[in-house]
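For reference, the structure discussed in these notes is given below.
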Amino acid sequence: MRSARLAVIVALVGLALSQPTVSWSIAQSSSPAPSRPTRQVTDITGRIVTIPSRVSRVADPWHANNGMVLMMGAADKIVATTLQARRQPWFRKLFPRIEQVPAAFDEAGDVNIETLISTRPEVVLMAYGGTVPRWKTTADAYGIPVFMMPNTSLADLKTTARMTGDVLGPRESARAAEWIRYFDDNIRRVTAVTSRIPASERPRVLHTATGTILTIDGVKTVIDDWITVAGGVNAATVVSNARPVGMEQIAAWNPDVIIVGTAPNEENRRAILKDPRWSQIKAVRTGRVYVNPTGVYLWDRHSAEAALQVLWAAKTLHPTRFPDLDLEKETKAFYAKFFNHTLTDAEYETLMRATAP
Amino acid sequence: MIRRLILLAVPFLLLFVSLFVGRLDVGPGDVLRIVAAQLFPIQRSWSESVEIIVVQIRLPRALMAMCVGGGLSISGAAFQGMFRNPLVSPDVLGVSAASGFGAALAILLSRSTLELQVLAFGFGLAGVAITYLLARVYQTTPVLMLVLSGVVVAAFFSALLSGAKYVADPESKLPAITYWLLGSFNAATLRTVVTVVPAIAVGTIGLLLVSWKLNLLSMGDEEASALGVRTEQLKAAIIVCTTLITAAAVSTSGVIGWVGLVMPHMARTLVGPDHRRLLPAALSVGASYLLVIDGVARTAAAVEIPIGILTAIVGAPYFAYLLRRTSGTWQ
Amino acid sequence: MTAPLVRVREASFRYGKREILRNLNLDVQRGEILSVLGPNGCGKTTLLRCIAGALTPSSGSVEIAGDDVHALGAPARARRIGFLFQDHAPSFPFAVRDVALMGRAPHLGFLGFPGPRDRAFADEALERVGILHLRDRPYTRVSGGERQLVLLARILVQEPDVILLDEPTAHLDLRNQVLTLRTVRSLAADGMTMIMTTHDPNHALWFGGRAALMKDGRFMAVGPAREVMTEATLTSTYDVDVAVFSHRARIGSDQLQVCSAWLPGPD
């Protein structure tokens, strides 16, 4: 009996001692081999992150950012992603291989660390919302660099595009710069007109975030930013994304325009038009209830198509002030240039109606 | 007698007052005229949008709050008698967890509001059916078995619910599920009120009909049986009634806690433990309570405050006070 | 000779592998008091429960007024049998009057509500057991003995043919014991049939009536109390030395028969 107990103790001690060895060897295989050249980049929190000079394996838990990476022509570098990003019908159409990329990150932003490690990413690109994720220490321990980027405003989006390009490499960096130029151009085009619109002619816009339970996007969000750029005013006074708001409050705001930002957008739009409680709201009475376009990602959130969103929003809110703005032409040009895809008329319709291609 | 009249009148009074309260300023004269116009032909002197506010937005919410508040409260009172336990709420058999999962499923699959109601209601009934069958022992369902089975079933559906939240997309579905679980009357329309009232009415009438027998049942299964009560049938009838009420409430308004647990106690302090008086009092107290709470939820801020949060903030301290006052004996 | 009100025939009760009652036969006439005595575990409570219909014997039958008790539904049973439980645990502070009123249930139907006639009945029952003055008090705030009387009143309201009492004086002090037993005897004097289990043999001697001595699920002796409760039978039932003696009480001219266990002194 004594010898059996001794044997068990020895086995347990041996197991315990072998642990660091096991994790050490995993760490060895996932961190960049010391012989490869590295460079240093600074993320939005000010941390200095060391990544390989040539990055070819990227993990991207930021749904919208996956689309950015696709836009920069680097989608084949994505080795770990999210279910949400993978599910976007347009992403799947333009880059079918995304289906095979493991979804190491869940919807809440948590990670399956073993899946992540097995994909051997060279850097993790993610959104920084004010707090560092819990799993960062584990990622650090395994030598996986985590690079954080800002995500609260339209201006932040340009920073994110630039940073993403920087991390991915010179080719992508150049693409990002092109995109930023295009984005800035669009904003200039639009604000040239909208900055001269007097406050009394700026429509009050309500942007819905969810349908079954009504939530609204308020101020201090990216939604608020493009509404303002496009010459409108956010009808909601609540702060932040997806806030629950009572029907009476909506009636009190009485928006001039309603933009339905929730899938299934068309159904939600029809539900609003049919609901007697919405019937007296100005936007419903004047028929100004619109579906927000969705493509590789939701145009109205931090996607690459945000560059088109400002055009669409401007044309929707002030059709008469933008007679020369041909949205269809612009969209087709954008997709051809940045996604290498020629849109057919039917495909353009699916973007506008936020349905699958 | 006076007390009975007061208890009968207060909820309707509060219902009436609710029509005057809200984020939008509607003149009291207009409200009165609009209400009168529903009954008599009156010349319209107010705008259509104001009529929508009063009749399509405020009225359905108030009616829903009354029905749900009264229903949850009377269900709680009936269960506390049946289980001989003052800590029991209508959720004890798992109806809220199961119903909540049904609703989350509907949200995940982007189903319409009507389909959500149906799914939530159906799952609620199914959850309780499973609890009941699990608790069967030699053709009886002892209350201890019911409670334990309820814990198991609730835990199971809570786990499924967590799973649903896990796969829900955080931009649109997850917030919807979260807010729905916290409870709200924002989705109340005249149509949803009409769909929920039959179930709640049937359940409530059923409970009122057996309110005297509840006195006997609260003596324990053995004694009640010795007094000639068909205990298994009575328990089954009570479970069916409370489940109808609670599943209907949850399917339209989400999970609202601390009403079915606390309001029966308040009613008991007002009218005593005799269920013939307790059940109607619980109905009244619960309806009044949620009318007031909803008034706060939709008026205090631009953002909707979820009902479940308000009832917890008010209910838990009151419960603690009751606990201290009775020194744990609930007498 | 009229048919007995209660007929127990060849009743056996098995709990798992244990035989608790072994082929018991018993007749109880209308208007009798029968005391069932025996040590703990002899099966007297089980027997009482079988007679009440709460337990079903594994073989044999119990009939009350000619009906098989186990074939009756709960309401019909409650119209024939009143059962006073040993371990009543109050849950809510119902008024004494409302507790008594509960006894009307077997006469009212599934959705029945008591009316003024039922309330009068309940008040009469409270009067009969002498606690009408307590009728508005919460029954959790009366003494143990008074609570037994409330429950007895509830049984009277059922208008049963026979009342079964399971150790009605357990947990009661002397005064409350006497209160309870006096009421029981008074009800018996009115013609009510009563079967009572008791742990104190003196109760049986005090009531007169019949006594059934039980041990290990069998009757050791059944018959008029004073006849069957001899030192021999009691000693073999309880497995202790029991002495039975008469005592001339100072109060009244009754000859009191008392039995007591013989406890040898320290020497």
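Each chain in the structure tokens gets a letter, A, B and so on, in the order shown; residues start at 1 in every chain, and ligands are counted from 1 in the order they appear.
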Proximity of chain B to chain A: per-residue shortest pair, 9 Å limit, only C-alpha atoms, as a Markdown table:
```
| residue | atom | partner | partner_atom | distance |
| --- | --- | --- | --- | --- |
| B:Gly22 | CA | A:Glu248 | CA | 7.1 |
| B:Arg23 | CA | A:Gln249 | CA | 5.8 |
| B:Leu24 | CA | A:Ala252 | CA | 5.4 |
| B:Asp25 | CA | A:Ala252 | CA | 8.5 |
| B:Glu48 | CA | A:Gln280 | CA | 7.1 |
| B:Ser49 | CA | A:Gln280 | CA | 5.1 |
| B:Val50 | CA | A:Gln280 | CA | 8.7 |
| B:Ile52 | CA | A:Arg277 | CA | 6.3 |
| B:Ile53 | CA | A:Glu248 | CA | 6.6 |
| B:Gln56 | CA | A:Arg277 | CA | 5.7 |
| B:Ile57 | CA | A:Arg277 | CA | 6.4 |
| B:Arg58 | CA | A:Glu248 | CA | 7.8 |
| B:Ile107 | CA | A:Thr212 | CA | 6.8 |
| B:Ser110 | CA | A:Pro264 | CA | 7.2 |
| B:Arg111 | CA | A:Thr212 | CA | 8.1 |
| B:Ser112 | CA | A:Thr212 | CA | 7.1 |
| B:Thr113 | CA | A:Thr212 | CA | 6.4 |
| B:Leu116 | CA | A:Thr212 | CA | 8.7 |
| B:Lys165 | CA | A:Glu107 | CA | 8.5 |
| B:Tyr166 | CA | A:Glu107 | CA | 6.2 |
| B:Val167 | CA | A:Glu107 | CA | 6.1 |
| B:Ala168 | CA | A:Glu107 | CA | 6.5 |
| B:Asp169 | CA | A:Glu107 | CA | 5.8 |
| B:Pro170 | CA | A:Glu107 | CA | 5.9 |
| B:Glu171 | CA | A:Ala209 | CA | 7.6 |
| B:Ser172 | CA | A:Thr210 | CA | 5.1 |
| B:Lys173 | CA | A:Thr210 | CA | 7.0 |
| B:Leu174 | CA | A:Glu107 | CA | 8.8 |
| B:Pro175 | CA | A:Ala242 | CA | 7.0 |
| B:Ala176 | CA | A:Ile213 | CA | 5.2 |
| B:Ile177 | CA | A:Ile213 | CA | 7.9 |
| B:Tyr179 | CA | A:Ile213 | CA | 7.3 |
| B:Trp180 | CA | A:Ile213 | CA | 6.7 |
| B:Phe185 | CA | A:Gly246 | CA | 8.7 |
| B:Asn186 | CA | A:Gly246 | CA | 5.6 |
| B:Ala187 | CA | A:Ile213 | CA | 7.5 |
| B:Thr189 | CA | A:Arg277 | CA | 7.8 |
| B:Ala297 | CA | A:Gly246 | CA | 9.0 |
| B:Arg298 | CA | A:Gly246 | CA | 6.2 |
| B:Thr299 | CA | A:Gln249 | CA | 8.5 |
| B:Ala302 | CA | A:Gln249 | CA | 6.4 |
| B:Val303 | CA | A:Val245 | CA | 4.9 |
| B:Glu304 | CA | A:Val245 | CA | 4.8 |
| B:Ile305 | CA | A:Pro244 | CA | 7.9 |
| B:Pro306 | CA | A:Pro244 | CA | 8.5 |
```
Check: which chain C residues lie within 7 Å of chain B using only C-alpha atoms, as a ChimeraX atom specification: /C:74-75,77-78,83,90-94,102-103,105-106,111,113
Those in range 99-203 of chain C with strand (DSSP E) from DSSP, as an MDAnalysis selection string: chainID C and resid 162:166 193:198
File of the preceding selection, N, CA and C atoms, as a compact mmCIF listing (two decimals), in the first residue's frame:
```txt
# COMPACT_ATOMS: atom_id res chain seq x y z
N VAL C 162 -66.90 7.91 11.83
CA VAL C 162 -65.93 7.47 12.83
C VAL C 162 -64.78 8.47 12.87
N ILE C 163 -64.28 8.68 14.06
CA ILE C 163 -63.13 9.58 14.20
C ILE C 163 -61.90 8.77 14.59
N LEU C 164 -60.83 8.97 13.84
CA LEU C 164 -59.58 8.29 14.16
C LEU C 164 -58.61 9.32 14.74
N LEU C 165 -58.04 8.98 15.89
CA LEU C 165 -57.11 9.93 16.50
C LEU C 165 -55.75 9.27 16.66
N ASP C 166 -54.72 9.91 16.13
CA ASP C 166 -53.38 9.34 16.21
C ASP C 166 -52.62 10.02 17.35
N THR C 193 -68.30 7.29 17.22
CA THR C 193 -67.38 6.15 17.23
C THR C 193 -65.95 6.66 17.14
N MET C 194 -65.08 6.18 18.02
CA MET C 194 -63.71 6.69 18.00
C MET C 194 -62.68 5.60 18.12
N ILE C 195 -61.67 5.67 17.31
CA ILE C 195 -60.54 4.74 17.43
C ILE C 195 -59.31 5.60 17.68
N MET C 196 -58.63 5.29 18.74
CA MET C 196 -57.53 6.15 19.15
C MET C 196 -56.27 5.34 19.38
N THR C 197 -55.14 5.78 18.88
CA THR C 197 -53.89 5.14 19.28
C THR C 197 -53.30 5.97 20.40
N THR C 198 -52.65 5.31 21.31
CA THR C 198 -52.05 6.07 22.40
C THR C 198 -50.83 5.36 22.91
```
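If you count only C-alpha atoms and ignore residues fewer than 4 places along the chain from Leu126 in chain C, what sits within 9 Å of it is Val96, Arg97, Ala100, Phe121, Ala122, Gly130, Ile131, Leu132, His133, Leu134, Arg135, Leu149, Val150, Leu152, Ala153, Arg154 and Leu156 of chain C.
Atom pair CA of Arg202 in chain A / CA of Pro255 in chain A: separated by 11.1 Å.
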Residue nearest Asp91 in chain B - candidates B:Val153, B:Leu161, B:Val193, B:Val137, atoms counted: only C-alpha atoms: B:Val153
Selection: 12 Å around Phe79 in chain B, only C-alpha atoms, excl. self and same-chain fewer than 3 positions, as a count of residues only: 42
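Rounded to one decimal, CA of Asp324 in chain A and CA of Ala192 in chain A lie 13.6 Å from each other.
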Near-range 94-96 of chain B list (6 Å; only C-alpha atoms; drop same-chain fewer than 3 positions) as a count of residues only: 9
So that I can check the surroundings of Arg181 in chain A, please list as a PDB file with C-alpha atoms, in the first residue's frame every protein, DNA and RNA residue that reaches within 10 Å of it, counting only C-alpha atoms and ignoring chain neighbours fewer than 6 positions away.
```
ATOM      1  CA  LYS A 158      -9.465  56.140 -40.837  1.00  0.00           C
ATOM      2  CA  ARG A 175      -4.248  50.230 -50.326  1.00  0.00           C
ATOM      3  CA  ILE A 187     -16.526  63.316 -46.973  1.00  0.00           C
ATOM      4  CA  ALA A 307     -16.832  55.342 -47.382  1.00  0.00           C
TER       5      ALA A 307
END
```
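Distance-wise, CA of Pro39 in chain C and CA of Tyr238 in chain C end up 5.7 Å apart.
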All helix (DSSP H, G or I) residues (DSSP, backbone) inside range 130-271 of chain B, as a PyMOL selection string: chain B and resi 130-134+143-167+173-182+190-209+211-217+221-226+231-253+263-271
Using C-alpha atoms, can you export the residues from the last selection as an mmCIF file, in the first residue's frame?
```cif
data_model
loop_
_atom_site.group_PDB
_atom_site.id
_atom_site.type_symbol
_atom_site.label_atom_id
_atom_site.label_comp_id
_atom_site.auth_asym_id
_atom_site.auth_seq_id
_atom_site.Cartn_x
_atom_site.Cartn_y
_atom_site.Cartn_z
ATOM 1 C CA ILE B 130 -41.362 18.358 -18.122
ATOM 2 C CA THR B 131 -41.114 19.450 -14.490
ATOM 3 C CA TYR B 132 -44.455 17.870 -13.691
ATOM 4 C CA LEU B 133 -43.598 14.568 -15.352
ATOM 5 C CA LEU B 134 -40.195 14.469 -13.671
ATOM 6 C CA VAL B 143 -44.351 19.309 -3.600
ATOM 7 C CA LEU B 144 -40.747 18.628 -2.726
ATOM 8 C CA MET B 145 -40.307 16.706 -5.965
ATOM 9 C CA LEU B 146 -41.957 19.542 -7.871
ATOM 10 C CA VAL B 147 -39.557 22.093 -6.436
ATOM 11 C CA LEU B 148 -36.497 19.976 -7.124
ATOM 12 C CA SER B 149 -37.607 19.122 -10.640
ATOM 13 C CA GLY B 150 -38.316 22.800 -11.235
ATOM 14 C CA VAL B 151 -34.768 23.640 -10.225
ATOM 15 C CA VAL B 152 -33.397 21.078 -12.666
ATOM 16 C CA VAL B 153 -35.572 22.174 -15.574
ATOM 17 C CA ALA B 154 -34.892 25.870 -14.942
ATOM 18 C CA ALA B 155 -31.160 25.192 -14.823
ATOM 19 C CA PHE B 156 -31.348 23.242 -18.060
ATOM 20 C CA PHE B 157 -33.177 25.967 -19.944
ATOM 21 C CA SER B 158 -30.936 28.635 -18.456
ATOM 22 C CA ALA B 159 -27.986 26.772 -19.880
ATOM 23 C CA LEU B 160 -29.654 26.625 -23.282
ATOM 24 C CA LEU B 161 -30.375 30.324 -22.963
ATOM 25 C CA SER B 162 -26.720 31.028 -22.264
ATOM 26 C CA GLY B 163 -25.896 29.042 -25.347
ATOM 27 C CA ALA B 164 -28.275 31.169 -27.373
ATOM 28 C CA LYS B 165 -26.681 34.348 -26.074
ATOM 29 C CA TYR B 166 -23.287 32.905 -26.919
ATOM 30 C CA VAL B 167 -24.051 32.496 -30.610
ATOM 31 C CA LYS B 173 -29.385 39.993 -31.559
ATOM 32 C CA LEU B 174 -27.588 39.948 -28.241
ATOM 33 C CA PRO B 175 -28.870 43.312 -27.043
ATOM 34 C CA ALA B 176 -32.374 42.278 -28.084
ATOM 35 C CA ILE B 177 -32.174 39.074 -26.061
ATOM 36 C CA THR B 178 -30.684 40.888 -23.082
ATOM 37 C CA TYR B 179 -33.328 43.579 -22.994
ATOM 38 C CA TRP B 180 -36.104 41.097 -23.530
ATOM 39 C CA LEU B 181 -34.903 39.048 -20.586
ATOM 40 C CA LEU B 182 -34.996 42.131 -18.387
ATOM 41 C CA LEU B 190 -53.855 46.602 -28.518
ATOM 42 C CA ARG B 191 -53.408 43.430 -30.504
ATOM 43 C CA THR B 192 -50.882 41.826 -28.158
ATOM 44 C CA VAL B 193 -53.085 42.715 -25.202
ATOM 45 C CA VAL B 194 -55.977 40.946 -26.877
ATOM 46 C CA THR B 195 -53.870 37.828 -27.460
ATOM 47 C CA VAL B 196 -52.608 37.642 -23.905
ATOM 48 C CA VAL B 197 -55.768 38.472 -21.980
ATOM 49 C CA PRO B 198 -57.611 35.161 -22.606
ATOM 50 C CA ALA B 199 -54.808 33.033 -21.174
ATOM 51 C CA ILE B 200 -54.357 35.275 -18.157
ATOM 52 C CA ALA B 201 -58.102 35.561 -17.628
ATOM 53 C CA VAL B 202 -58.677 31.809 -17.790
ATOM 54 C CA GLY B 203 -55.838 31.144 -15.386
ATOM 55 C CA THR B 204 -56.975 33.840 -12.981
ATOM 56 C CA ILE B 205 -60.594 32.718 -12.942
ATOM 57 C CA GLY B 206 -59.444 29.133 -12.393
ATOM 58 C CA LEU B 207 -57.387 30.153 -9.385
ATOM 59 C CA LEU B 208 -60.183 32.259 -7.933
ATOM 60 C CA LEU B 209 -62.554 29.302 -8.229
ATOM 61 C CA SER B 211 -59.233 29.805 -3.681
ATOM 62 C CA TRP B 212 -61.030 28.271 -0.718
ATOM 63 C CA LYS B 213 -59.655 24.805 -1.445
ATOM 64 C CA LEU B 214 -56.195 26.369 -1.352
ATOM 65 C CA ASN B 215 -56.702 26.921 2.373
ATOM 66 C CA LEU B 216 -57.025 23.170 2.763
ATOM 67 C CA LEU B 217 -54.157 22.393 0.431
ATOM 68 C CA ASP B 221 -51.204 16.977 1.046
ATOM 69 C CA GLU B 222 -52.014 14.369 3.713
ATOM 70 C CA GLU B 223 -54.315 16.540 5.761
ATOM 71 C CA ALA B 224 -56.001 18.029 2.722
ATOM 72 C CA SER B 225 -56.666 14.523 1.456
ATOM 73 C CA ALA B 226 -58.071 13.522 4.834
ATOM 74 C CA THR B 231 -55.083 16.779 -3.951
ATOM 75 C CA GLU B 232 -53.515 15.536 -7.167
ATOM 76 C CA GLN B 233 -56.264 17.039 -9.291
ATOM 77 C CA LEU B 234 -56.192 20.290 -7.383
ATOM 78 C CA LYS B 235 -52.429 20.629 -7.673
ATOM 79 C CA ALA B 236 -52.569 19.882 -11.378
ATOM 80 C CA ALA B 237 -55.322 22.473 -11.846
ATOM 81 C CA ILE B 238 -53.350 25.109 -9.957
ATOM 82 C CA ILE B 239 -50.217 24.359 -11.955
ATOM 83 C CA VAL B 240 -52.100 24.617 -15.241
ATOM 84 C CA CYS B 241 -53.652 27.955 -14.272
ATOM 85 C CA THR B 242 -50.440 29.549 -13.017
ATOM 86 C CA THR B 243 -48.495 28.297 -16.022
ATOM 87 C CA LEU B 244 -51.032 29.736 -18.452
ATOM 88 C CA ILE B 245 -50.756 33.075 -16.720
ATOM 89 C CA THR B 246 -46.989 33.155 -16.364
ATOM 90 C CA ALA B 247 -46.185 31.826 -19.831
ATOM 91 C CA ALA B 248 -48.548 34.382 -21.363
ATOM 92 C CA ALA B 249 -46.960 37.158 -19.307
ATOM 93 C CA VAL B 250 -43.397 36.164 -20.163
ATOM 94 C CA SER B 251 -44.160 35.675 -23.842
ATOM 95 C CA THR B 252 -45.294 39.273 -24.235
ATOM 96 C CA SER B 253 -43.292 41.162 -21.681
ATOM 97 C CA MET B 263 -46.847 41.100 -3.882
ATOM 98 C CA PRO B 264 -48.616 38.134 -2.217
ATOM 99 C CA HIS B 265 -46.867 39.083 1.020
ATOM 100 C CA MET B 266 -48.110 42.625 0.760
ATOM 101 C CA ALA B 267 -51.587 41.320 0.095
ATOM 102 C CA ARG B 268 -51.304 39.015 3.086
ATOM 103 C CA THR B 269 -50.473 41.931 5.373
ATOM 104 C CA LEU B 270 -53.574 43.699 4.085
ATOM 105 C CA VAL B 271 -56.194 40.939 4.196
#
```
Shell of 9 Å around Ser284 in chain B, only C-alpha atoms, local chain residues under 3 positions omitted, as an MDAnalysis selection string: chainID B and resid 7:11 66 69:70 73:74 267 279:281 287:289
Restrict the selected residues to N, CA and C atoms and save them as a JSON list (two decimals), in the first residue's frame.
```json
[["chain", "number", "residue", "atom", "x", "y", "z"],
["B", 7, "LEU", "N", -59.54, 48.07, -2.70],
["B", 7, "LEU", "CA", -58.70, 47.16, -3.46],
["B", 7, "LEU", "C", -59.24, 46.97, -4.87],
["B", 8, "LEU", "N", -60.55, 47.01, -5.01],
["B", 8, "LEU", "CA", -61.13, 46.83, -6.33],
["B", 8, "LEU", "C", -60.89, 48.08, -7.18],
["B", 9, "ALA", "N", -61.02, 49.25, -6.55],
["B", 9, "ALA", "CA", -60.96, 50.50, -7.31],
["B", 9, "ALA", "C", -59.55, 50.93, -7.70],
["B", 10, "VAL", "N", -58.58, 50.69, -6.80],
["B", 10, "VAL", "CA", -57.24, 51.27, -7.02],
["B", 10, "VAL", "C", -56.61, 50.93, -8.37],
["B", 11, "PRO", "N", -56.61, 49.67, -8.80],
["B", 11, "PRO", "CA", -55.96, 49.40, -10.09],
["B", 11, "PRO", "C", -56.59, 50.17, -11.24],
["B", 66, "MET", "N", -51.23, 45.93, -16.02],
["B", 66, "MET", "CA", -52.26, 45.44, -15.09],
["B", 66, "MET", "C", -52.40, 43.94, -15.15],
["B", 69, "GLY", "N", -49.09, 42.18, -14.00],
["B", 69, "GLY", "CA", -48.88, 42.38, -12.57],
["B", 69, "GLY", "C", -49.87, 41.58, -11.75],
["B", 70, "GLY", "N", -51.14, 41.68, -12.10],
["B", 70, "GLY", "CA", -52.16, 40.94, -11.37],
["B", 70, "GLY", "C", -51.96, 39.44, -11.51],
["B", 73, "SER", "N", -48.95, 38.08, -9.63],
["B", 73, "SER", "CA", -49.16, 38.16, -8.19],
["B", 73, "SER", "C", -50.10, 37.07, -7.70],
["B", 74, "ILE", "N", -51.20, 36.85, -8.42],
["B", 74, "ILE", "CA", -52.12, 35.83, -7.96],
["B", 74, "ILE", "C", -51.50, 34.44, -8.11],
["B", 267, "ALA", "N", -50.15, 41.60, 0.02],
["B", 267, "ALA", "CA", -51.59, 41.32, 0.10],
["B", 267, "ALA", "C", -51.93, 40.63, 1.40],
["B", 279, "LEU", "N", -56.32, 35.86, -2.67],
["B", 279, "LEU", "CA", -56.10, 35.84, -4.11],
["B", 279, "LEU", "C", -56.63, 37.10, -4.81],
["B", 280, "PRO", "N", -57.86, 37.51, -4.54],
["B", 280, "PRO", "CA", -58.30, 38.76, -5.18],
["B", 280, "PRO", "C", -57.45, 39.96, -4.75],
["B", 281, "ALA", "N", -57.04, 39.99, -3.48],
["B", 281, "ALA", "CA", -56.20, 41.11, -3.03],
["B", 281, "ALA", "C", -54.87, 41.11, -3.76],
["B", 287, "ALA", "N", -51.49, 44.28, -9.80],
["B", 287, "ALA", "CA", -51.84, 45.13, -10.94],
["B", 287, "ALA", "C", -51.44, 46.57, -10.66],
["B", 288, "SER", "N", -51.76, 47.05, -9.47],
["B", 288, "SER", "CA", -51.43, 48.43, -9.11],
["B", 288, "SER", "C", -49.93, 48.65, -9.13],
["B", 289, "TYR", "N", -49.21, 47.69, -8.56],
["B", 289, "TYR", "CA", -47.76, 47.81, -8.46],
["B", 289, "TYR", "C", -47.12, 47.97, -9.83]]
```
